$ cat query00.cif   # mmCIF, C-alpha atoms
data_protein
#
loop_
_atom_site.label_atom_id
_atom_site.label_comp_id
_atom_site.auth_asym_id
_atom_site.auth_seq_id
_atom_site.Cartn_x
_atom_site.Cartn_y
_atom_site.Cartn_z
CA MET Z 337 0.00 0.00 0.00
CA ALA Z 338 1.85 3.08 -1.20
CA ALA Z 339 1.00 6.38 0.45
CA ARG Z 340 -1.15 8.73 -1.59
CA TRP Z 341 1.08 11.71 -0.84
CA PHE Z 342 4.10 9.78 -2.03
CA ASP Z 343 2.49 9.13 -5.42
CA GLU Z 344 1.45 12.76 -5.66
CA ILE Z 345 4.93 14.09 -4.92
CA MET Z 346 6.52 11.64 -7.32
CA GLU Z 347 4.22 13.00 -10.00
CA TYR Z 348 5.66 16.47 -9.43
CA PRO Z 349 8.20 17.00 -12.19
CA ARG Z 350 11.14 19.20 -11.24
CA GLN Z 351 9.88 21.93 -13.55
CA SER Z 352 6.56 22.00 -11.67
CA LEU Z 353 8.43 22.35 -8.38
CA SER Z 354 10.30 25.33 -9.81
CA ASP Z 355 7.06 26.86 -11.05
CA LEU Z 356 5.41 26.34 -7.68
CA ALA Z 357 8.38 27.89 -5.89
CA ALA Z 358 8.34 30.87 -8.26
CA LYS Z 359 4.63 31.41 -7.61
CA LEU Z 360 5.21 31.21 -3.86
CA LYS Z 361 7.97 33.79 -4.10
CA ALA Z 362 5.61 36.02 -6.05
CA GLY Z 363 3.14 35.79 -3.15
CA ASP Z 364 0.54 33.63 -4.91
CA HIS Z 365 -2.10 32.43 -2.42
CA ASN Z 366 -3.22 29.54 -4.60
CA ALA Z 367 0.36 28.30 -4.73
CA ALA Z 368 0.51 28.42 -0.92
CA ALA Z 369 -2.66 26.29 -0.78
CA GLU Z 370 -1.17 23.92 -3.37
CA LEU Z 371 1.92 23.54 -1.22
CA VAL Z 372 -0.26 22.57 1.74
CA ASP Z 373 -2.27 20.03 -0.28
CA GLY Z 374 0.83 18.44 -1.71
CA TRP Z 375 2.93 18.20 1.44
CA TYR Z 376 0.90 18.36 4.66
CA GLN Z 377 0.45 14.60 4.97
CA GLN Z 378 4.09 13.79 4.47
CA ILE Z 379 5.29 16.52 6.83
CA TYR Z 380 2.83 15.24 9.44
CA LEU Z 381 4.09 11.67 8.99
CA PHE Z 382 7.67 12.88 9.18
CA MET Z 383 6.92 14.45 12.55
CA ARG Z 384 5.16 11.29 13.76
CA ARG Z 385 8.05 9.12 12.64
CA LEU Z 386 10.48 11.36 14.50
CA GLY Z 387 8.57 10.52 17.67
CA HIS Z 388 6.13 13.40 18.21
CA ASN Z 389 2.62 12.56 19.36
CA ARG Z 390 -0.42 13.20 17.13
CA GLN Z 391 -1.32 16.66 18.45
CA THR Z 392 2.25 17.90 18.51
CA SER Z 393 2.83 16.56 14.99
CA GLU Z 394 -0.15 18.52 13.71
CA ASP Z 395 1.06 21.68 15.47
CA LEU Z 396 4.59 21.26 14.14
CA THR Z 397 3.25 20.65 10.62
CA GLN Z 398 1.44 23.97 10.82
CA GLU Z 399 4.56 25.66 12.13
CA THR Z 400 6.59 24.21 9.24
CA PHE Z 401 4.32 25.79 6.65
CA LEU Z 402 4.22 29.12 8.47
CA ARG Z 403 8.01 29.23 8.47
CA ALA Z 404 8.13 28.19 4.83
CA TRP Z 405 5.95 31.14 3.85
CA GLN Z 406 7.92 33.52 6.00
CA HIS Z 407 11.25 32.43 4.56
CA ILE Z 408 10.30 31.61 0.98
CA GLU Z 409 12.81 34.20 -0.26
CA GLN Z 410 15.61 32.01 1.07
CA LEU Z 411 14.78 29.17 -1.31
CA ARG Z 412 17.41 29.62 -4.01
CA ASN Z 413 16.68 26.62 -6.21
CA GLY Z 414 12.98 25.94 -6.76
CA GLU Z 415 13.70 22.35 -7.76
CA MET Z 416 14.83 21.74 -4.20
CA LEU Z 417 11.46 22.78 -2.75
CA ASN Z 418 10.82 19.28 -1.38
CA SER Z 419 14.08 18.98 0.55
CA TRP Z 420 13.91 22.65 1.59
CA LEU Z 421 10.53 22.02 3.20
CA TYR Z 422 11.92 18.96 4.99
CA ARG Z 423 14.84 21.04 6.20
CA ILE Z 424 12.42 23.48 7.79
CA ALA Z 425 10.42 20.60 9.26
CA SER Z 426 13.57 19.06 10.67
CA ASN Z 427 14.59 22.38 12.26
CA VAL Z 428 11.10 22.88 13.67
CA SER Z 429 11.23 19.40 15.20
CA ARG Z 430 14.70 19.93 16.71
CA TYR Z 431 13.64 23.28 18.09
CA TYR Z 432 10.62 21.65 19.71
CA TRP Z 433 12.71 18.88 21.28
CA ARG Z 434 15.02 21.48 22.73
CA LEU Z 435 12.09 23.27 24.36
CA ALA Z 436 10.37 20.09 25.50
CA LYS Z 437 13.37 18.14 26.74
CA ASN Z 438 11.32 15.98 29.05
CA GLU Z 439 8.63 15.04 26.58
CA GLU Z 440 8.36 11.35 25.88
CA LEU Z 441 9.17 9.95 22.44
CA VAL Z 442 6.19 8.27 20.84
CA SER Z 443 6.57 5.78 18.02
CA ILE Z 444 3.74 5.01 15.64
CA SER Z 445 2.98 1.79 17.44
CA ALA Z 446 0.93 -1.17 16.36
CA ALA Z 447 -1.91 0.12 18.50
CA GLU Z 448 -1.87 3.53 16.89
CA GLY Z 449 -0.91 3.17 13.31
CA LEU Z 450 0.92 0.05 12.28
CA ASP Z 451 -1.29 -1.45 9.64
CA VAL Z 452 -1.19 -5.16 10.50
CA PRO Z 453 -3.39 -7.97 9.22
CA ASP Z 454 -5.50 -10.00 11.63
CA VAL Z 455 -2.96 -12.04 13.59
CA LYS Z 456 -5.40 -14.94 14.23
CA SER Z 457 -5.94 -15.57 10.54
CA ALA Z 458 -2.36 -14.85 9.51
CA SER Z 459 0.16 -17.55 8.71
CA SER Z 460 3.10 -18.17 11.03
CA GLU Z 461 5.35 -16.52 8.44
CA THR Z 462 3.21 -13.37 8.50
CA VAL Z 463 3.14 -13.32 12.30
CA GLY Z 464 6.93 -13.61 12.34
CA ASN Z 465 7.16 -10.72 9.92
CA ILE Z 466 4.85 -8.58 12.07
CA GLU Z 467 6.96 -9.31 15.11
CA GLN Z 468 10.05 -8.25 13.18
CA LEU Z 469 8.35 -5.04 12.07
CA ASN Z 470 7.30 -4.22 15.61
CA ARG Z 471 10.82 -4.84 16.84
CA LEU Z 472 12.26 -2.71 14.05
CA ASN Z 473 9.76 0.04 14.78
CA ARG Z 474 10.86 0.13 18.41
CA ILE Z 475 14.56 0.08 17.54
CA VAL Z 476 14.18 2.96 15.06
CA ALA Z 477 12.23 4.93 17.67
CA GLU Z 478 15.09 4.48 20.15
CA LEU Z 479 17.85 5.58 17.77
CA PRO Z 480 19.65 8.87 18.49
CA MET Z 481 17.86 11.67 16.64
CA LYS Z 482 20.46 12.24 13.92
CA PHE Z 483 20.38 8.56 12.94
CA LYS Z 484 16.62 8.42 13.17
CA GLU Z 485 16.30 11.43 10.86
CA ALA Z 486 18.62 9.80 8.34
CA ILE Z 487 16.63 6.55 8.32
CA VAL Z 488 13.22 8.21 8.24
CA LEU Z 489 14.04 10.61 5.42
CA HIS Z 490 15.40 8.00 3.03
CA TYR Z 491 13.52 4.81 3.79
CA MET Z 492 10.21 6.13 5.06
CA GLN Z 493 9.75 9.53 3.44
CA HIS Z 494 11.35 8.27 0.22
CA LEU Z 495 13.79 11.15 -0.30
CA THR Z 496 16.78 10.43 -2.49
CA ILE Z 497 20.24 10.53 -0.92
CA ALA Z 498 20.81 13.98 -2.45
CA GLU Z 499 17.47 15.32 -1.20
CA ALA Z 500 17.89 13.86 2.28
CA ALA Z 501 21.41 15.28 2.57
CA GLU Z 502 20.08 18.67 1.51
CA ALA Z 503 17.23 18.39 4.00
CA LEU Z 504 19.69 17.77 6.83
CA GLY Z 505 22.12 20.40 5.60
CA VAL Z 506 25.03 17.98 5.21
CA ARG Z 507 27.16 16.74 2.31
CA GLN Z 508 26.02 13.60 0.53
CA GLY Z 509 29.10 11.71 1.76
CA THR Z 510 28.32 12.67 5.35
CA TYR Z 511 24.73 11.62 4.92
CA LYS Z 512 25.65 8.25 3.39
CA SER Z 513 28.04 7.58 6.25
CA ARG Z 514 25.39 8.53 8.80
CA LEU Z 515 22.84 6.31 7.09
CA ASN Z 516 25.29 3.44 7.10
CA ARG Z 517 26.03 3.87 10.78
CA ALA Z 518 22.32 3.97 11.52
CA LEU Z 519 21.75 0.74 9.58
CA ASN Z 520 24.62 -0.91 11.43
CA LYS Z 521 23.13 0.12 14.74
CA ILE Z 522 19.78 -1.35 13.74
CA LYS Z 523 21.46 -4.53 12.53
CA LYS Z 524 23.35 -4.91 15.80
CA ARG Z 525 20.27 -4.33 17.93
CA LEU Z 526 18.18 -6.76 15.88
CA SER Z 527 20.86 -9.44 16.16
CA GLU Z 528 21.08 -8.91 19.93
CA GLU Z 529 17.32 -9.20 20.34
CA ILE Z 530 17.06 -12.29 18.15
CA LYS Z 531 19.81 -13.98 20.24
CA CYS Z 532 17.91 -13.22 23.43
CA MET G 259 20.51 -10.07 9.43
CA GLU G 260 21.49 -8.83 5.97
CA GLN G 261 21.46 -5.10 5.30
CA GLU G 262 19.24 -5.55 2.27
CA LYS G 263 16.64 -7.34 4.37
CA ILE G 264 16.70 -4.52 6.93
CA GLU G 265 16.23 -1.99 4.15
CA ASN G 266 13.26 -3.91 2.81
CA LEU G 267 11.78 -4.18 6.30
CA LEU G 268 12.20 -0.41 6.77
CA LYS G 269 10.32 0.21 3.53
CA GLU G 270 7.59 -2.16 4.62
CA LEU G 271 7.43 -0.44 7.98
CA ALA G 272 6.97 2.87 6.18
CA GLU G 273 4.03 1.46 4.23
CA ARG G 274 2.42 0.14 7.39
CA THR G 275 2.76 3.35 9.35
CA ASN G 276 0.87 5.61 7.00
CA GLU G 277 -1.18 7.30 9.64
CA LEU G 278 -3.34 10.13 8.36
CA PRO G 279 -3.55 13.47 10.16
CA GLY G 280 -6.86 14.94 11.33
CA VAL G 281 -9.23 15.78 8.48
CA SER G 282 -9.19 19.47 9.24
CA LEU G 283 -5.41 19.91 9.33
CA ALA G 284 -5.01 21.06 5.72
CA GLU G 285 -7.85 23.57 6.11
CA GLU G 286 -6.42 24.87 9.38
CA ILE G 287 -3.05 25.46 7.73
CA LYS G 288 -4.65 27.14 4.73
CA ARG G 289 -6.57 29.46 7.05
CA ARG G 290 -3.20 30.62 8.38
CA ILE G 291 -1.79 31.57 4.99
CA PRO G 292 -0.74 35.19 5.53
CA GLU G 293 -2.30 37.99 3.48
CA THR G 294 1.03 38.63 1.86
CA LEU G 295 3.75 36.01 1.75
CA ARG G 296 6.37 38.40 2.99
CA PRO G 297 10.05 38.21 2.19
CA HIS G 298 12.66 37.52 4.84
CA ARG G 299 13.76 40.56 6.81
CA ALA G 300 16.86 41.36 8.78
CA ALA G 301 14.83 41.20 11.98
CA ASP G 302 13.95 37.56 11.28
CA GLY G 303 17.63 36.74 11.20
CA LEU G 304 17.95 38.17 14.66
CA ASN G 305 14.86 36.23 15.74
CA ILE G 306 16.44 33.00 14.53
CA VAL G 307 19.51 33.67 16.66
CA ILE G 308 17.35 34.49 19.68
CA ASN G 309 15.04 31.52 19.07
CA LEU G 310 17.92 29.06 18.95
CA ARG G 311 18.12 29.49 22.72
CA VAL G 312 21.32 27.54 22.93
CA SER G 313 21.76 29.88 25.81
CA LYS G 314 21.08 33.53 26.30
CA LEU G 315 24.80 34.23 26.47
CA ALA G 316 25.47 32.40 23.18
CA ALA G 317 22.68 34.35 21.47
CA VAL G 318 24.11 37.63 22.79
CA ALA G 319 27.60 36.66 21.65
CA ALA G 320 26.27 35.79 18.19
CA ILE G 321 24.53 39.15 17.90
CA ILE G 322 27.60 41.08 19.05
CA LEU G 323 29.76 39.20 16.58
CA THR G 324 27.28 39.83 13.77
CA VAL G 325 27.12 43.56 14.43
CA VAL G 326 30.89 43.90 14.80
CA LEU G 327 31.50 41.90 11.62
CA TRP G 328 28.90 43.96 9.84
CA ALA G 329 30.72 47.10 10.90
CA HIS G 330 33.98 45.65 9.58
CA LEU G 331 32.42 44.62 6.29
CA PHE G 332 30.93 47.99 5.59
CA ASP G 333 33.88 49.94 6.93
CA ARG G 334 31.92 52.02 9.40
CA PRO G 335 33.42 55.43 10.16
CA ASP G 336 33.19 55.03 13.94
CA LEU G 337 34.99 51.69 13.97
CA SER G 338 37.63 51.82 16.63
CA ALA G 339 38.72 49.65 19.53
CA GLY G 340 36.88 51.95 21.94
CA SER G 341 33.73 51.88 19.88
CA ILE G 342 33.75 48.06 19.60
CA TYR G 343 34.41 47.78 23.34
CA ASN G 344 31.49 50.11 24.10
CA ASP G 345 29.22 48.20 21.71
CA CYS G 346 30.12 44.87 23.27
CA LYS G 347 29.62 46.21 26.79
CA LEU G 348 26.25 47.65 25.85
CA PHE G 349 25.10 44.46 24.11
CA LEU G 350 26.08 42.39 27.12
CA THR G 351 24.15 44.72 29.44
CA TYR G 352 21.05 44.50 27.26
CA GLY G 353 21.58 40.81 26.54
CA PHE G 354 21.30 39.92 30.20
CA SER G 355 18.05 41.86 30.44
CA GLY G 356 16.68 39.99 27.40
CA SER G 357 16.62 43.00 25.04
CA ALA G 358 19.66 42.33 22.86
CA LYS G 359 17.54 41.99 19.73
CA GLU G 360 15.84 45.38 20.23
CA LEU G 361 19.19 47.02 20.95
CA ALA G 362 20.68 45.51 17.79
CA LEU G 363 17.76 46.91 15.79
CA ALA G 364 18.28 50.35 17.36
CA LYS G 365 21.98 50.19 16.46
CA ILE G 366 21.22 49.14 12.88
CA ARG G 367 18.74 52.00 12.60
CA TYR G 368 21.36 54.42 13.90
CA GLN G 369 23.86 53.27 11.26
CA TYR G 370 21.21 53.58 8.58
CA LEU G 371 20.34 57.15 9.57
CA LEU G 372 24.03 58.01 9.83
CA ASP G 373 24.59 56.78 6.28
CA LYS G 374 21.66 58.88 5.11
CA GLY G 375 23.43 61.92 6.52
CA GLU G 376 20.85 62.53 9.24
CA GLU G 377 21.71 64.39 12.43
CA VAL G 378 21.77 61.33 14.67
CA PHE G 379 23.49 60.49 17.97
CA PHE G 380 23.98 57.18 19.71
CA TYR G 381 24.73 57.39 23.43
CA ASP G 382 26.66 54.22 24.02
CA ARG G 383 28.01 55.15 27.42
CA SER G 384 26.36 55.17 30.83
CA VAL G 385 22.92 53.97 29.77
CA SER G 386 21.07 51.29 31.63
CA PRO G 387 18.15 49.31 30.15
CA LYS G 388 16.14 50.14 33.27
CA ASP G 389 16.48 53.90 32.90
CA SER G 390 13.29 55.02 31.20
CA ASN G 391 14.44 58.64 30.73
CA ALA G 392 18.00 58.18 29.46
CA ILE G 393 18.46 58.71 25.74
CA LEU G 394 19.95 55.90 23.70
CA VAL G 395 19.47 57.27 20.17
CA GLN G 396 18.20 60.63 18.99
CA TRP G 397 17.79 62.16 15.56
CA LYS G 398 16.29 65.33 14.18
CA LEU G 399 13.05 65.20 12.22
CA SER G 400 12.21 67.44 9.28
CA ASP G 401 9.62 69.38 11.37
CA GLY G 402 12.28 70.44 13.91
CA ASN G 403 11.26 67.90 16.57
CA TYR G 404 13.44 65.00 17.65
CA ARG G 405 12.78 61.28 17.59
CA VAL G 406 14.20 59.58 20.65
CA ILE G 407 14.79 55.92 21.50
CA PHE G 408 15.14 55.73 25.27
CA ALA G 409 17.40 53.35 27.15
CA ASN G 410 14.40 51.13 27.94
CA LEU G 411 13.87 51.02 24.14
CA ARG G 412 10.66 53.07 24.24
CA GLU G 413 10.37 55.40 21.26
CA GLU G 414 8.91 58.93 21.32
CA THR G 415 8.89 62.23 19.43
CA VAL G 416 9.91 65.17 21.62
CA SER G 417 10.34 68.89 21.07
CA ALA G 418 13.76 70.57 21.16
CA ALA G 419 12.99 71.97 24.64
CA GLU G 420 12.05 68.55 25.99
CA LEU G 421 15.20 67.08 24.49
CA ILE G 422 17.35 69.62 26.28
CA LYS G 423 15.64 68.72 29.58
CA LEU G 424 16.30 65.03 28.99
CA GLN G 425 19.94 65.69 28.15
CA ALA G 426 20.33 67.87 31.22
CA ARG G 427 18.99 65.05 33.39
CA MET G 428 21.49 62.65 31.88
CA LEU G 429 24.35 65.10 32.61
CA GLN G 430 23.17 65.54 36.19
CA LYS G 431 23.16 61.77 36.73
CA ARG G 432 26.79 61.53 35.59
#

$ encode --input "query00.cif" --output "structure tokens"
Amino acid sequence: MAARWFDEIMEYPRQSLSDLAAKLKAGDHNAAAELVDGWYQQIYLFMRRLGHNRQTSEDLTQETFLRAWQHIEQLRNGEMLNSWLYRIASNVSRYYWRLAKNEELVSISAAEGLDVPDVKSASSETVGNIEQLNRLNRIVAELPMKFKEAIVLHYMQHLTIAEAAEALGVRQGTYKSRLNRALNKIKKRLSEEIKC
Amino acid sequence: MEQEKIENLLKELAERTNELPGVSLAEEIKRRIPETLRPHRAADGLNIVINLRVSKLAAVAAIILTVVLWAHLFDRPDLSAGSIYNDCKLFLTYGFSGSAKELALAKIRYQYLLDKGEEVFFYDRSVSPKDSNAILVQWKLSDGNYRVIFANLREETVSAAELIKLQARMLQKR
């Protein structure tokens, strides 16, 4: 089941992104609404996957768009609109964590959002897979934030390496190395848990 | 476990955690679209520094550095060791009272008016953020009155006579 927003964004040719960015810079209200329609679901999911609860994720999604409109002049390359928006979202999220240091991390758990088939009717192979997914979900949620961001952006939000690096404000080499380290951490944790 | 398998599991996890936001979220965001999508301003840059809140001291240091560097870049006429020292001292005083941003804006405004050739003065010595009657910046208006930014960063238009009274008070305090 591919996400609707993912299909929609993938349908956005680079030229359209540039056009949309140009309209936003010109102060076009319809373009601002188009930006919301195209990205609000994925920014919300990004926030959820970083560990914010539902309400906070909605608030931070709003804040992301407000900041995007306020700072639209800073977007130099319209084709990078997608990663630019993620960069703002990432900064908004970090800023929030700094203010709410004691707030608990919340993963999209099986109870809340993990779309699992009926366990009773599922085969043992499917049940094993669900268990693995739940374990993986928990391990990703417990990763340090910079590794979690790297994993979420590429594997869950479907950004390319170049886009994800841009979104985090690092070089592609740095991003690849971070992603690799994150995968190794996950691998190690999974192996440890399976042994237990 | 193989890396490729982990990658596939992560992709599957992404597909299974496609939680939708509340139905009204998009509409709520659209309602907040500003009347005019305004461009970035210098003041926002200062806000970003303040909002970082790494610590108040770090924010103050960043502002001081920015202003001093700015002065260097544009080769300000009053750039001297004494002037930089006074600026830093003043920014620290205001920084600790939480008004560094407003002071930076007042200083930028002063430089702007100075460049325009206006009759403007910046009193960078012996002002305290708590003193509501001490003058921080003053400049002459075209109608003969004076615009004054006080040490507590309040702004007012005063007549020449009132300005003299204010200056006299400052002298008496010294």

$ atom_distance --input "query00.cif" --atom1 "CA of Ala425 in chain Z" --atom2 "CA of Ile408 in chain Z"
13.8 Å

$ resolve_selection --input "query00.cif" --expression "the PyMOL selection byres ((chain Z and resi 490-507) around 7)" --output "list of chain:residue names"
Z:Phe382, Z:Ser419, Z:Trp420, Z:Tyr422, Z:Arg423, Z:Ala486, Z:Ile487, Z:Val488, Z:Leu489, Z:Gln508, Z:Gly509, Z:Thr510, Z:Tyr511, G:Leu268, G:Lys269, G:Ala272

$ resolve_selection --input "query00.cif" --expression "the PyMOL selection byres ((chain Z and resi 518) around 8)" --output "NGL selection string"
:Z and (479 or 483-484 or 486-487 or 514-517 or 519-522)

$ resolve_selection --input "query00.cif" --expression "the PyMOL selection byres ((chain Z and resi 403) around 12)" --output "mmCIF file with C-alpha atoms, in the coordinates of the input"
data_model
loop_
_atom_site.group_PDB
_atom_site.id
_atom_site.type_symbol
_atom_site.label_atom_id
_atom_site.label_comp_id
_atom_site.auth_asym_id
_atom_site.auth_seq_id
_atom_site.Cartn_x
_atom_site.Cartn_y
_atom_site.Cartn_z
ATOM 1 C CA LEU Z 396 4.590 21.260 14.140
ATOM 2 C CA THR Z 397 3.250 20.650 10.620
ATOM 3 C CA GLN Z 398 1.440 23.970 10.820
ATOM 4 C CA GLU Z 399 4.560 25.660 12.130
ATOM 5 C CA THR Z 400 6.590 24.210 9.240
ATOM 6 C CA PHE Z 401 4.320 25.790 6.650
ATOM 7 C CA LEU Z 402 4.220 29.120 8.470
ATOM 8 C CA ALA Z 404 8.130 28.190 4.830
ATOM 9 C CA TRP Z 405 5.950 31.140 3.850
ATOM 10 C CA GLN Z 406 7.920 33.520 6.000
ATOM 11 C CA HIS Z 407 11.250 32.430 4.560
ATOM 12 C CA ILE Z 408 10.300 31.610 0.980
ATOM 13 C CA GLU Z 409 12.810 34.200 -0.260
ATOM 14 C CA GLN Z 410 15.610 32.010 1.070
ATOM 15 C CA LEU Z 411 14.780 29.170 -1.310
ATOM 16 C CA TRP Z 420 13.910 22.650 1.590
ATOM 17 C CA LEU Z 421 10.530 22.020 3.200
ATOM 18 C CA TYR Z 422 11.920 18.960 4.990
ATOM 19 C CA ARG Z 423 14.840 21.040 6.200
ATOM 20 C CA ILE Z 424 12.420 23.480 7.790
ATOM 21 C CA ALA Z 425 10.420 20.600 9.260
ATOM 22 C CA SER Z 426 13.570 19.060 10.670
ATOM 23 C CA ASN Z 427 14.590 22.380 12.260
ATOM 24 C CA VAL Z 428 11.100 22.880 13.670
ATOM 25 C CA ILE G 287 -3.050 25.460 7.730
ATOM 26 C CA ARG G 290 -3.200 30.620 8.380
ATOM 27 C CA ILE G 291 -1.790 31.570 4.990
ATOM 28 C CA PRO G 292 -0.740 35.190 5.530
ATOM 29 C CA LEU G 295 3.750 36.010 1.750
ATOM 30 C CA ARG G 296 6.370 38.400 2.990
ATOM 31 C CA PRO G 297 10.050 38.210 2.190
ATOM 32 C CA HIS G 298 12.660 37.520 4.840
ATOM 33 C CA ASP G 302 13.950 37.560 11.280
ATOM 34 C CA ILE G 306 16.440 33.000 14.530
#

$ atom_distance --input "query00.cif" --atom1 "CA of Ser400 in chain G" --atom2 "CA of Ser417 in chain G"
12.0 Å

$ axis_aligned_box --input "query00.cif" --around "range 495-500 of chain Z" --padding-each-side "4 Å" --output "AutoDock Vina command-line options"
--center_x 17.3 --center_y 12.9 --center_z -0.1 --size_x 15.0 --size_y 12.9 --size_z 12.8

$ atom_distance --input "query00.cif" --atom1 "CA of Leu271 in chain G" --atom2 "CA of Leu469 in chain Z"
6.2 Å

$ closest_residue --input "query00.cif" --among "G:Ser282, G:Thr294, G:Gln396, G:Ala362" --to "chain Z" --atoms "all atoms listed in the file"
G:Thr294

$ closest_residue --input "query00.cif" --among "Z:Ala358, Z:Leu381, Z:Ile466, Z:Leu435" --to "Thr275 in chain G" --atoms "only C-alpha atoms"
Z:Leu381

$ closest_residue --input "query00.cif" --among "Z:Glu529, Z:Glu415, Z:Glu485, Z:Asp364" --to "chain G" --atoms "only C-alpha atoms"
Z:Asp364
